[in-house]
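Raw contents of start.cif, mmCIF, C-alpha atoms:
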data_work
loop_
_atom_site.label_atom_id
_atom_site.label_comp_id
_atom_site.auth_asym_id
_atom_site.auth_seq_id
_atom_site.Cartn_x
_atom_site.Cartn_y
_atom_site.Cartn_z
CA MET A 1 -25.00 -44.95 22.76
CA ALA A 2 -26.63 -44.57 19.34
CA GLY A 3 -28.60 -41.58 20.61
CA ALA A 4 -25.48 -39.92 22.00
CA LEU A 5 -23.67 -40.52 18.72
CA LEU A 6 -26.51 -38.94 16.73
CA ALA A 7 -26.51 -35.92 19.05
CA LEU A 8 -22.79 -35.44 18.51
CA LEU A 9 -23.13 -35.74 14.75
CA SER A 10 -25.93 -33.18 14.66
CA ALA A 11 -23.61 -30.64 16.31
CA CYS A 12 -20.92 -31.03 13.64
CA SER A 13 -20.35 -28.38 11.01
CA GLY A 14 -21.55 -29.00 7.48
CA TYR A 15 -19.88 -28.35 4.16
CA ARG A 16 -21.26 -26.58 1.14
CA PRO A 17 -19.10 -26.02 -1.96
CA GLN A 18 -18.39 -22.37 -2.77
CA PRO A 19 -17.47 -21.57 -6.39
CA LEU A 20 -14.37 -19.48 -7.03
CA GLN A 21 -16.15 -17.34 -9.64
CA SER A 22 -18.64 -15.89 -7.19
CA ALA A 23 -20.48 -12.62 -6.74
CA GLN A 24 -17.75 -11.48 -4.33
CA VAL A 25 -15.16 -11.75 -7.10
CA GLU A 26 -17.29 -9.75 -9.51
CA ALA A 27 -17.85 -7.10 -6.85
CA VAL A 28 -14.10 -6.48 -6.66
CA LEU A 29 -13.94 -5.94 -10.43
CA ALA A 30 -16.73 -3.36 -10.31
CA ASP A 31 -16.22 0.21 -9.06
CA PRO A 32 -17.35 0.66 -5.45
CA SER A 33 -20.34 2.94 -5.06
CA ASN A 34 -19.92 6.43 -3.65
CA GLU A 35 -22.29 5.58 -0.81
CA GLN A 36 -20.25 2.53 0.12
CA LEU A 37 -16.99 4.47 0.08
CA THR A 38 -18.48 7.30 2.13
CA THR A 39 -19.74 4.91 4.81
CA GLN A 40 -16.47 2.98 5.00
CA ALA A 41 -14.30 6.13 5.04
CA ALA A 42 -16.29 7.57 7.94
CA ALA A 43 -15.98 4.32 9.92
CA ILE A 44 -12.26 3.71 9.39
CA ARG A 45 -10.28 2.86 12.52
CA HIS A 46 -6.53 3.07 12.13
CA PRO A 47 -3.74 4.13 14.52
CA LEU A 48 -2.17 6.45 11.92
CA ILE A 49 -4.98 7.34 9.49
CA ALA A 50 -7.92 9.50 10.51
CA ALA A 51 -11.42 9.08 9.12
CA VAL A 52 -12.30 11.60 6.40
CA PRO A 53 -15.79 12.68 5.28
CA LEU A 54 -16.03 12.15 1.51
CA ASP A 55 -17.87 14.57 -0.75
CA PHE A 56 -17.94 13.33 -4.34
CA SER A 57 -19.69 16.49 -5.52
CA LYS A 58 -16.32 18.25 -5.17
CA PRO A 59 -12.81 17.36 -6.40
CA LEU A 60 -11.11 14.86 -4.11
CA THR A 61 -8.34 16.02 -1.79
CA LEU A 62 -5.19 14.02 -1.09
CA ASP A 63 -6.61 13.00 2.31
CA ALA A 64 -9.75 11.66 0.64
CA VAL A 65 -7.74 9.70 -1.93
CA SER A 66 -5.62 8.15 0.85
CA VAL A 67 -8.67 6.93 2.77
CA ILE A 68 -10.35 5.57 -0.37
CA ALA A 69 -7.22 3.53 -1.06
CA VAL A 70 -7.34 2.03 2.43
CA VAL A 71 -10.99 0.95 2.25
CA ALA A 72 -11.17 -0.07 -1.44
CA SER A 73 -7.77 -1.42 -2.49
CA PRO A 74 -8.22 -5.02 -3.76
CA ASP A 75 -4.81 -5.99 -2.38
CA LEU A 76 -5.78 -4.76 1.08
CA LEU A 77 -9.13 -6.55 0.87
CA ALA A 78 -7.26 -9.79 0.21
CA LEU A 79 -4.78 -9.04 2.98
CA ARG A 80 -7.51 -8.30 5.52
CA ALA A 81 -9.05 -11.70 4.77
CA GLN A 82 -5.99 -13.23 6.46
CA GLN A 83 -7.19 -11.71 9.73
CA GLN A 84 -10.05 -14.22 9.81
CA VAL A 85 -7.52 -17.04 9.47
CA ALA A 86 -5.53 -15.66 12.42
CA ASP A 87 -8.70 -15.38 14.52
CA ALA A 88 -9.52 -19.01 13.69
CA GLN A 89 -6.01 -20.06 14.71
CA VAL A 90 -6.43 -18.36 18.09
CA PHE A 91 -9.73 -20.19 18.51
CA ALA A 92 -8.09 -23.49 17.55
CA SER A 93 -5.22 -22.96 19.99
CA GLY A 94 -7.66 -22.97 22.93
CA LEU A 95 -9.24 -26.31 22.04
CA PHE A 96 -8.23 -29.63 23.57
CA PRO A 97 -8.15 -32.98 21.76
CA ASP A 98 -11.34 -34.99 21.99
CA PRO A 99 -11.28 -38.08 24.25
CA GLN A 100 -11.04 -41.46 22.52
CA PHE A 101 -13.48 -44.28 23.20
CA SER A 102 -12.72 -47.90 22.27
CA LEU A 103 -14.92 -51.02 22.49
CA SER A 104 -14.09 -54.62 21.65
CA VAL A 105 -16.26 -57.76 21.88
CA ASP A 106 -15.07 -61.39 22.34
CA ARG A 107 -17.76 -63.89 21.33
CA VAL A 108 -17.24 -67.52 22.39
CA LEU A 109 -17.14 -69.90 19.43
CA SER A 110 -16.20 -73.10 21.30
CA PRO A 111 -16.73 -75.00 23.49
CA ALA A 112 -20.48 -74.32 23.73
CA GLY A 113 -22.54 -74.67 26.90
CA GLU A 114 -19.63 -74.44 29.31
CA GLY A 115 -21.01 -71.41 31.17
CA LEU A 116 -18.97 -69.00 29.09
CA VAL A 117 -20.31 -65.60 28.09
CA THR A 118 -19.48 -63.00 25.47
CA GLY A 119 -16.64 -60.82 26.70
CA TYR A 120 -16.10 -57.17 26.02
CA MET A 121 -13.56 -54.45 26.77
CA GLY A 122 -14.23 -50.71 26.75
CA GLY A 123 -11.84 -47.84 27.35
CA LEU A 124 -11.96 -44.06 27.57
CA SER A 125 -8.60 -42.36 26.88
CA LEU A 126 -7.65 -38.77 27.57
CA GLU A 127 -4.43 -37.53 25.97
CA ALA A 128 -4.99 -33.84 26.75
CA LEU A 129 -2.90 -33.73 29.90
CA GLY A 130 0.25 -32.93 27.90
CA ASP A 131 -1.56 -30.18 26.00
CA LEU A 132 -2.93 -28.79 29.24
CA PHE A 133 0.64 -28.37 30.47
CA VAL A 134 1.51 -26.00 27.58
CA HIS A 135 -1.98 -24.64 26.90
CA ARG A 136 -1.14 -21.12 28.07
CA GLN A 137 1.88 -20.92 25.77
CA GLN A 138 -0.16 -22.24 22.83
CA VAL A 139 -2.77 -19.52 23.25
CA SER A 140 -0.13 -16.82 23.80
CA ILE A 141 1.68 -17.80 20.61
CA ALA A 142 -1.52 -17.68 18.56
CA ARG A 143 -2.50 -14.32 20.03
CA SER A 144 0.92 -12.79 19.41
CA LEU A 145 0.89 -14.02 15.82
CA ARG A 146 -2.60 -12.63 15.35
CA GLU A 147 -1.50 -9.25 16.70
CA GLN A 148 1.59 -9.36 14.47
CA LEU A 149 -0.63 -9.96 11.44
CA HIS A 150 -2.96 -7.17 12.52
CA LEU A 151 -0.03 -4.74 12.74
CA ASP A 152 1.38 -5.95 9.42
CA ILE A 153 -1.99 -5.27 7.78
CA ALA A 154 -2.17 -1.83 9.40
CA TRP A 155 1.35 -1.08 8.13
CA ALA A 156 0.34 -2.20 4.63
CA GLU A 157 -2.70 0.08 4.84
CA TRP A 158 -0.46 2.96 5.88
CA ASN A 159 1.87 2.39 2.94
CA THR A 160 -1.06 2.04 0.53
CA ALA A 161 -2.48 5.35 1.77
CA GLY A 162 0.91 6.99 1.27
CA ASN A 163 1.32 5.54 -2.22
CA ALA A 164 -2.14 6.76 -3.18
CA ARG A 165 -1.28 10.19 -1.82
CA LEU A 166 1.99 10.21 -3.75
CA LEU A 167 0.32 9.15 -7.02
CA ALA A 168 -2.46 11.71 -6.64
CA SER A 169 0.08 14.46 -5.91
CA ARG A 170 2.14 13.37 -8.92
CA LEU A 171 -0.98 13.39 -11.11
CA VAL A 172 -1.80 16.95 -10.01
CA TYR A 173 1.78 18.02 -10.81
CA GLN A 174 1.66 16.32 -14.21
CA GLN A 175 -1.59 18.09 -15.05
CA ARG A 176 -0.01 21.44 -14.17
CA ALA A 177 3.26 20.65 -15.92
CA LEU A 178 1.41 19.49 -19.02
CA GLN A 179 -0.27 22.89 -19.30
CA VAL A 180 3.13 24.59 -19.29
CA ALA A 181 4.65 22.01 -21.64
CA ALA A 182 1.71 22.31 -24.05
CA ALA A 183 2.13 26.10 -24.07
CA ALA A 184 5.86 25.67 -24.81
CA ASP A 185 5.08 23.14 -27.56
CA GLU A 186 2.59 25.48 -29.20
CA LEU A 187 4.94 28.44 -28.97
CA ALA A 188 7.87 26.44 -30.39
CA ALA A 189 5.74 25.17 -33.28
CA GLN A 190 4.57 28.71 -34.12
CA THR A 191 8.12 30.03 -33.95
CA LEU A 192 9.32 27.22 -36.21
CA VAL A 193 6.77 28.19 -38.87
CA GLN A 194 7.95 31.81 -38.69
CA VAL A 195 11.62 30.78 -38.94
CA GLN A 196 10.88 28.58 -41.95
CA ALA A 197 9.19 31.51 -43.67
CA ALA A 198 12.10 33.81 -42.77
CA VAL A 199 14.66 31.31 -44.13
CA HIS A 200 12.62 30.97 -47.31
CA GLN A 201 12.80 34.75 -47.68
CA ALA A 202 16.54 34.67 -46.91
CA ALA A 203 15.98 36.76 -43.80
CA LEU A 204 17.52 34.04 -41.59
CA LYS A 205 20.22 31.44 -42.10
CA GLY A 206 19.80 27.69 -42.34
CA ASP A 207 21.54 27.28 -38.98
CA ASP A 208 18.71 29.23 -37.33
CA LEU A 209 16.18 26.84 -38.87
CA GLN A 210 18.11 23.80 -37.67
CA THR A 211 18.31 25.18 -34.12
CA GLN A 212 14.62 26.07 -34.05
CA THR A 213 13.63 22.68 -35.47
CA GLN A 214 15.50 20.98 -32.63
CA LEU A 215 13.83 23.27 -30.05
CA ALA A 216 10.39 22.50 -31.47
CA ALA A 217 11.08 18.76 -31.51
CA ASP A 218 12.28 18.82 -27.88
CA ALA A 219 9.16 20.73 -26.81
CA ALA A 220 6.87 18.28 -28.65
CA VAL A 221 8.62 15.24 -27.17
CA ARG A 222 8.46 16.69 -23.65
CA ALA A 223 4.71 17.36 -23.95
CA ALA A 224 4.11 13.85 -25.36
CA MET A 225 6.15 12.27 -22.55
CA LEU A 226 4.18 14.17 -19.92
CA ARG A 227 0.90 12.99 -21.47
CA ARG A 228 2.07 9.38 -21.40
CA GLU A 229 3.38 9.70 -17.82
CA GLN A 230 0.11 11.30 -16.76
CA GLU A 231 -1.88 8.40 -18.20
CA ASP A 232 0.44 5.86 -16.53
CA THR A 233 0.02 7.62 -13.18
CA ARG A 234 -3.76 7.74 -13.60
CA GLN A 235 -3.91 4.01 -14.34
CA GLN A 236 -1.70 3.20 -11.33
CA LEU A 237 -3.90 5.31 -9.08
CA ASN A 238 -7.08 3.71 -10.40
CA SER A 239 -5.65 0.24 -9.80
CA LEU A 240 -4.61 1.16 -6.27
CA LEU A 241 -8.07 2.56 -5.50
CA GLY A 242 -9.87 -0.48 -6.88
CA LEU A 243 -11.35 1.49 -9.80
CA SER A 244 -11.77 0.37 -13.39
CA PRO A 245 -9.21 1.70 -15.92
CA ALA A 246 -11.78 3.94 -17.61
CA THR A 247 -12.75 5.81 -14.42
CA LEU A 248 -11.71 9.48 -14.38
CA LEU A 249 -11.09 10.99 -10.95
CA GLN A 250 -11.63 14.66 -10.26
CA LEU A 251 -8.75 15.78 -8.04
CA ASP A 252 -8.35 18.97 -6.07
CA LEU A 253 -5.48 20.79 -7.80
CA THR A 254 -4.50 22.81 -4.71
CA LEU A 255 -1.43 21.49 -2.93
CA ALA A 256 -0.22 22.60 0.46
CA ALA A 257 3.00 24.57 0.60
CA ASP A 258 6.11 22.69 1.62
CA SER A 259 6.97 23.12 5.28
CA ALA A 260 10.32 24.77 5.96
CA LEU A 261 10.95 22.59 9.03
CA LEU A 262 12.79 19.32 8.64
CA PRO A 263 13.76 17.04 11.56
CA ASP A 264 17.28 15.82 12.06
CA VAL A 265 18.11 12.15 11.58
CA GLN A 266 18.12 11.20 15.27
CA THR A 267 14.80 12.90 15.99
CA ALA A 268 13.13 11.29 12.99
CA PHE A 269 14.62 7.89 13.87
CA ALA A 270 13.35 8.17 17.46
CA VAL A 271 9.86 8.88 16.13
CA ALA A 272 10.12 5.91 13.75
CA ARG A 273 11.07 3.52 16.57
CA ARG A 274 8.00 4.65 18.45
CA GLN A 275 5.49 4.95 15.58
CA ARG A 276 6.31 2.36 12.90
CA LEU A 277 3.75 -0.43 12.95
CA ASP A 278 6.05 -2.92 11.22
CA LEU A 279 8.51 -2.61 14.12
CA GLN A 280 5.68 -3.26 16.54
CA ALA A 281 4.72 -6.28 14.43
CA LEU A 282 8.27 -7.64 14.67
CA ALA A 283 8.11 -7.17 18.45
CA GLN A 284 4.94 -9.29 18.52
CA GLY A 285 6.68 -11.93 16.43
CA TYR A 286 9.57 -11.91 18.91
CA GLU A 287 7.09 -12.45 21.75
CA ALA A 288 5.63 -15.43 19.88
CA GLN A 289 9.14 -16.85 19.50
CA GLN A 290 9.73 -16.48 23.24
CA GLN A 291 6.50 -18.30 24.05
CA GLY A 292 7.47 -20.98 21.54
CA LEU A 293 10.80 -21.49 23.29
CA LYS A 294 9.03 -21.70 26.64
CA ARG A 295 6.65 -24.29 25.19
CA ALA A 296 9.63 -26.30 23.93
CA VAL A 297 11.28 -26.20 27.37
CA LEU A 298 8.09 -27.41 29.02
CA GLY A 299 7.83 -30.13 26.39
CA GLN A 300 10.94 -31.88 27.73
CA TYR A 301 8.99 -33.09 30.75
CA PRO A 302 7.00 -36.37 30.57
CA ARG A 303 3.61 -36.16 28.86
CA VAL A 304 0.98 -38.08 30.77
CA GLY A 305 -2.02 -39.94 29.30
CA LEU A 306 -4.92 -41.41 31.26
CA THR A 307 -7.19 -44.31 30.20
CA LEU A 308 -10.23 -45.72 32.08
CA ASN A 309 -10.91 -49.39 31.27
CA ARG A 310 -14.05 -51.44 31.90
CA GLY A 311 -14.37 -55.05 30.75
CA ARG A 312 -15.73 -58.59 31.15
CA ASP A 313 -13.94 -61.70 30.02
CA THR A 314 -15.58 -64.83 28.64
CA GLY A 315 -15.63 -66.34 32.11
CA ALA A 316 -17.99 -63.57 33.30
CA VAL A 317 -15.25 -61.93 35.34
CA HIS A 318 -15.81 -58.16 35.46
CA SER A 319 -12.93 -55.72 35.80
CA TRP A 320 -12.38 -52.00 36.04
CA GLY A 321 -9.24 -49.95 36.35
CA PRO A 322 -7.31 -46.91 35.18
CA ALA A 323 -4.14 -46.94 33.05
CA VAL A 324 -1.49 -44.24 33.01
CA SER A 325 1.13 -43.70 30.30
CA PHE A 326 3.97 -41.20 30.14
CA ASP A 327 7.18 -40.57 28.24
CA LEU A 328 10.59 -41.43 29.59
CA PRO A 329 12.87 -38.44 28.82
CA LEU A 330 16.04 -40.43 28.23
CA TRP A 331 17.36 -39.52 24.76
CA ASN A 332 15.17 -36.97 23.03
CA ARG A 333 14.05 -34.73 25.93
CA ASN A 334 12.68 -32.33 23.26
CA ARG A 335 16.18 -30.98 22.73
CA GLY A 336 15.58 -30.51 19.01
CA GLU A 337 12.57 -28.24 19.55
CA ILE A 338 14.46 -26.27 22.19
CA ALA A 339 17.37 -25.72 19.78
CA VAL A 340 14.99 -24.61 17.03
CA GLY A 341 13.23 -22.25 19.46
CA ARG A 342 16.47 -20.61 20.56
CA ALA A 343 17.64 -20.22 16.97
CA GLY A 344 14.28 -18.69 16.00
CA LEU A 345 14.52 -16.24 18.88
CA ALA A 346 17.98 -15.14 17.78
CA GLN A 347 16.76 -14.82 14.19
CA SER A 348 13.82 -12.60 15.22
CA GLN A 349 16.11 -10.36 17.24
CA ALA A 350 18.52 -10.06 14.32
CA GLU A 351 15.66 -9.18 11.93
CA TYR A 352 14.43 -6.49 14.31
CA ALA A 353 17.91 -4.97 14.60
CA ALA A 354 18.38 -5.10 10.80
CA ARG A 355 15.02 -3.36 10.25
CA LEU A 356 16.02 -0.60 12.67
CA HIS A 357 19.37 -0.16 10.95
CA GLN A 358 17.77 0.04 7.50
CA THR A 359 15.14 2.48 8.75
CA ARG A 360 17.78 4.85 10.09
CA ALA A 361 19.76 4.62 6.84
CA ASP A 362 16.64 5.31 4.73
CA ILE A 363 15.73 8.31 6.87
CA ALA A 364 19.24 9.74 6.59
CA ALA A 365 19.29 9.29 2.80
CA LEU A 366 15.85 10.86 2.36
CA LEU A 367 16.64 13.85 4.57
CA ALA A 368 19.89 14.42 2.63
CA ALA A 369 17.94 14.33 -0.64
CA LEU A 370 15.38 16.77 0.77
CA HIS A 371 18.04 19.28 1.81
CA SER A 372 19.81 18.96 -1.55
CA ASP A 373 16.63 19.34 -3.59
CA ARG A 374 15.61 22.39 -1.55
CA GLN A 375 18.85 24.16 -2.33
CA LEU A 376 18.57 23.20 -5.98
CA LEU A 377 14.94 24.36 -6.06
CA GLN A 378 15.92 27.78 -4.73
CA THR A 379 18.52 28.08 -7.50
CA TRP A 380 16.04 27.14 -10.21
CA GLN A 381 13.33 29.39 -8.79
CA GLN A 382 15.74 32.31 -8.91
CA GLN A 383 16.73 31.40 -12.46
CA ALA A 384 13.07 31.03 -13.46
CA ALA A 385 12.31 34.47 -12.03
CA THR A 386 15.27 35.94 -13.91
CA LEU A 387 14.26 34.28 -17.20
CA ASN A 388 10.62 35.31 -16.75
CA GLY A 389 11.76 38.91 -16.27
CA LEU A 390 14.05 38.66 -19.28
CA ALA A 391 11.22 37.23 -21.42
CA ALA A 392 8.96 40.09 -20.37
CA ASP A 393 11.67 42.60 -21.29
CA TYR A 394 12.09 40.99 -24.72
CA ARG A 395 8.34 41.18 -25.28
CA LEU A 396 8.44 44.90 -24.61
CA ALA A 397 11.50 45.21 -26.87
CA LEU A 398 9.64 43.27 -29.59
CA ALA A 399 6.77 45.71 -29.37
CA ARG A 400 9.23 48.57 -29.93
CA GLY A 401 10.91 46.70 -32.79
CA ALA A 402 14.21 46.48 -30.92
CA VAL A 403 14.49 42.65 -31.22
CA THR A 404 13.20 40.01 -33.59
CA ARG A 405 10.28 37.75 -32.78
CA LEU A 406 12.65 34.75 -32.85
CA VAL A 407 14.69 36.18 -29.98
CA ALA A 408 11.57 37.05 -27.96
CA ASP A 409 10.00 33.61 -28.49
CA ASN A 410 13.16 31.74 -27.57
CA ALA A 411 13.46 33.82 -24.41
CA GLN A 412 9.89 32.80 -23.55
CA LEU A 413 10.72 29.15 -24.25
CA ALA A 414 13.72 29.33 -21.95
CA ALA A 415 11.51 30.80 -19.22
CA LEU A 416 8.96 27.99 -19.64
CA ASP A 417 11.72 25.37 -19.53
CA SER A 418 13.07 26.82 -16.30
CA GLN A 419 9.55 26.93 -14.86
CA LEU A 420 9.05 23.24 -15.67
CA LYS A 421 12.33 22.34 -13.98
CA ALA A 422 11.36 24.26 -10.86
CA MET A 423 7.97 22.51 -10.81
CA GLU A 424 9.72 19.15 -11.18
CA LEU A 425 12.01 19.85 -8.22
CA GLN A 426 9.07 21.11 -6.17
CA GLN A 427 7.16 17.90 -6.85
CA ALA A 428 10.24 15.81 -6.03
CA GLY A 429 10.46 17.53 -2.66
CA ARG A 430 6.75 16.94 -2.07
CA GLU A 431 7.11 13.23 -2.82
CA GLU A 432 10.16 13.03 -0.57
CA ARG A 433 8.15 14.56 2.28
CA ILE A 434 5.43 11.95 1.75
CA GLY A 435 8.14 9.28 1.72
CA LEU A 436 9.57 10.63 4.97
CA SER A 437 6.14 10.44 6.61
CA LEU A 438 5.82 6.85 5.42
CA LEU A 439 9.25 5.98 6.81
CA ILE A 440 8.72 7.39 10.28
CA GLY A 441 4.98 6.64 10.59
CA GLU A 442 3.83 10.20 11.26
CA PRO A 443 0.82 11.99 9.74
CA PHE A 444 1.34 13.28 6.23
CA PRO A 445 2.36 16.93 5.86
#

Can the structure in the file be given as structure tokens, please?
Amino acid sequence: MAGALLALLSACSGYRPQPLQSAQVEAVLADPSNEQLTTQAAAIRHPLIAAVPLDFSKPLTLDAVSVIAVVASPDLLALRAQQQVADAQVFASGLFPDPQFSLSVDRVLSPAGEGLVTGYMGGLSLEALGDLFVHRQQVSIARSLREQLHLDIAWAEWNTAGNARLLASRLVYQQRALQVAAAADELAAQTLVQVQAAVHQAALKGDDLQTQTQLAADAAVRAAMLRREQEDTRQQLNSLLGLSPATLLQLDLTLAADSALLPDVQTAFAVARRQRLDLQALAQGYEAQQQGLKRAVLGQYPRVGLTLNRGRDTGAVHSWGPAVSFDLPLWNRNRGEIAVGRAGLAQSQAEYAARLHQTRADIAALLAALHSDRQLLQTWQQQAATLNGLAADYRLALARGAVTRLVADNAQLAALDSQLKAMELQQAGREERIGLSLLIGEPFP
């Protein structure tokens, strides 16, 4: 018996303390190496995101930024660690309780020398028969929950890739817009100096100086706001990609043209019902609830336990025999667990229906915004073209001496303002298209 006990103990798992401040924690704080990112990006396996070859010798495209976010985001690294817990829970669901062994000894104290012996009683109990009855449901529940977690993680990866794509696209727009805003700021400042000199010479009125001062201040504030927004976007993108705040990314400044085709609400909603991983995750959760209800129904039947006894009393009488125990389903009959299971099933179904309803509403609102912004963008693009033409005409008129420099510069400022507004609407439409792809679970445009 001692040898068997030692053999069992040698097969047990050991414990070694693991400090919280470990090398793994420090590795998350450091920037991942280019080689590590290249290897992980090429090996990515995702139902909605394709692997992308990374080339850090060139500016990064939006596709490359999306994949880097999936493989390097600290939040996703922490989320993927939950997968190991789910795998362990599936493993645990397939295990049965260990049998129980009991041994008691009765030593005779008195009277002595009466032919009495030391008695003993040993028993081997097995309580796994009840678990065996619902073993299939236990394993099915754990597997469904593991698959639900896997789909939830994949959906989080999809949203992280989309957010990285959106931030990178916004950063490219802000870099372009800042160039235009800086040109407008410089032009407004130069014009203000000229107006101040003209007012000093009494060539212009004080009202002209006040107007030009306000235009110059607006241009300076707009350029400063774009610089601050650009830095905020850069920091958000670095955080999402698992990079340190000081890291400067080189982004490809070319952006694909906006597609003229937009789906209708019903078509996009049909695609979302088929493609969205979070809906598939809810379906797996519903399956786990169904298996849980089935386990509760089976639990109303008597649970049987078996014990094998072997003993000797103090009179040297040996005995052997089995013992069987089981529940009498008179009052409880597991009705509480059945009620909880049915309520949980109804709750899961209601959550699934609510998610579908919200998805359709979000798609409809985003498509309406896309159509509205497109019409507004066309208006502003036409106005920008008109103002650009007018500014060019004033430049020619200035060269002939037909208009003052103040008029020509203000016409150029108006053209730059209109150009910035058109760029802003174009970027809004681009972000809305990325948002639509995220909503319906289709590849990014």

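Atom pair CA of Phe326 (chain A) / CA of Pro97 (chain A): separated by 16.9 Å.
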
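With only C-alpha atoms taken into account, the protein and nucleic acid residues at most 6 Å from region 215-221 of chain A (excluding it and anything under 3 positions from it in its own chain) are A:Asp185, A:Ala188, A:Ala189, A:Gln212, A:Ala224.
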
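The residue set within 12 Å of Asp131 (chain A), counting all atoms listed in the file and dropping same-chain residues fewer than 3 places from it, reads Ser93, Gly94, Leu95, Phe96, Pro97, Asp98, Leu126, Glu127, Ala128, Val134, His135, Arg136, Gln137, Gln138, Val139, Arg295, Leu298, Gly299, Tyr301, Pro302, Arg303, Val304 and Gly305 of chain A.
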
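Separating CA of Pro32 (chain A) from CA of Leu248 (chain A) is a distance of 13.8 Å.
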
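Going from CA of Ala428 (chain A) to CA of Asp63 (chain A) covers 19.0 Å.
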
Test item: the PyMOL selection byres ((chain A and resi 241) around 6) resolved as number ranges by chain: A: 69, 72-73, 238-240, 242-243

Hits of the PyMOL selection byres ((chain A and resi 361-372) around 12) in this structure, as a compact mmCIF listing (two decimals) with C-alpha atoms, in the frame of the given file:
# COMPACT_ATOMS: atom_id res chain seq x y z
CA ASP A 258 6.11 22.69 1.62
CA SER A 259 6.97 23.12 5.28
CA ALA A 260 10.32 24.77 5.96
CA LEU A 261 10.95 22.59 9.03
CA LEU A 262 12.79 19.32 8.64
CA PRO A 263 13.76 17.04 11.56
CA ASP A 264 17.28 15.82 12.06
CA VAL A 265 18.11 12.15 11.58
CA GLN A 266 18.12 11.20 15.27
CA THR A 267 14.80 12.90 15.99
CA ALA A 268 13.13 11.29 12.99
CA PHE A 269 14.62 7.89 13.87
CA ALA A 270 13.35 8.17 17.46
CA VAL A 271 9.86 8.88 16.13
CA ALA A 272 10.12 5.91 13.75
CA ARG A 273 11.07 3.52 16.57
CA ALA A 354 18.38 -5.10 10.80
CA ARG A 355 15.02 -3.36 10.25
CA LEU A 356 16.02 -0.60 12.67
CA HIS A 357 19.37 -0.16 10.95
CA GLN A 358 17.77 0.04 7.50
CA THR A 359 15.14 2.48 8.75
CA ARG A 360 17.78 4.85 10.09
CA ASP A 373 16.63 19.34 -3.59
CA ARG A 374 15.61 22.39 -1.55
CA GLN A 375 18.85 24.16 -2.33
CA LEU A 376 18.57 23.20 -5.98
CA LEU A 377 14.94 24.36 -6.06
CA GLN A 378 15.92 27.78 -4.73
CA THR A 379 18.52 28.08 -7.50
CA LEU A 425 12.01 19.85 -8.22
CA GLN A 426 9.07 21.11 -6.17
CA GLN A 427 7.16 17.90 -6.85
CA ALA A 428 10.24 15.81 -6.03
CA GLY A 429 10.46 17.53 -2.66
CA ARG A 430 6.75 16.94 -2.07
CA GLU A 431 7.11 13.23 -2.82
CA GLU A 432 10.16 13.03 -0.57
CA ARG A 433 8.15 14.56 2.28
CA ILE A 434 5.43 11.95 1.75
CA GLY A 435 8.14 9.28 1.72
CA LEU A 436 9.57 10.63 4.97
CA SER A 437 6.14 10.44 6.61
CA LEU A 438 5.82 6.85 5.42
CA LEU A 439 9.25 5.98 6.81
CA ILE A 440 8.72 7.39 10.28
CA GLY A 441 4.98 6.64 10.59

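The residue set within 8 Å of Ile153 (chain A), counting all atoms listed in the file and dropping same-chain residues fewer than 5 places from it, reads Leu76, Leu79 and Arg80 of chain A.
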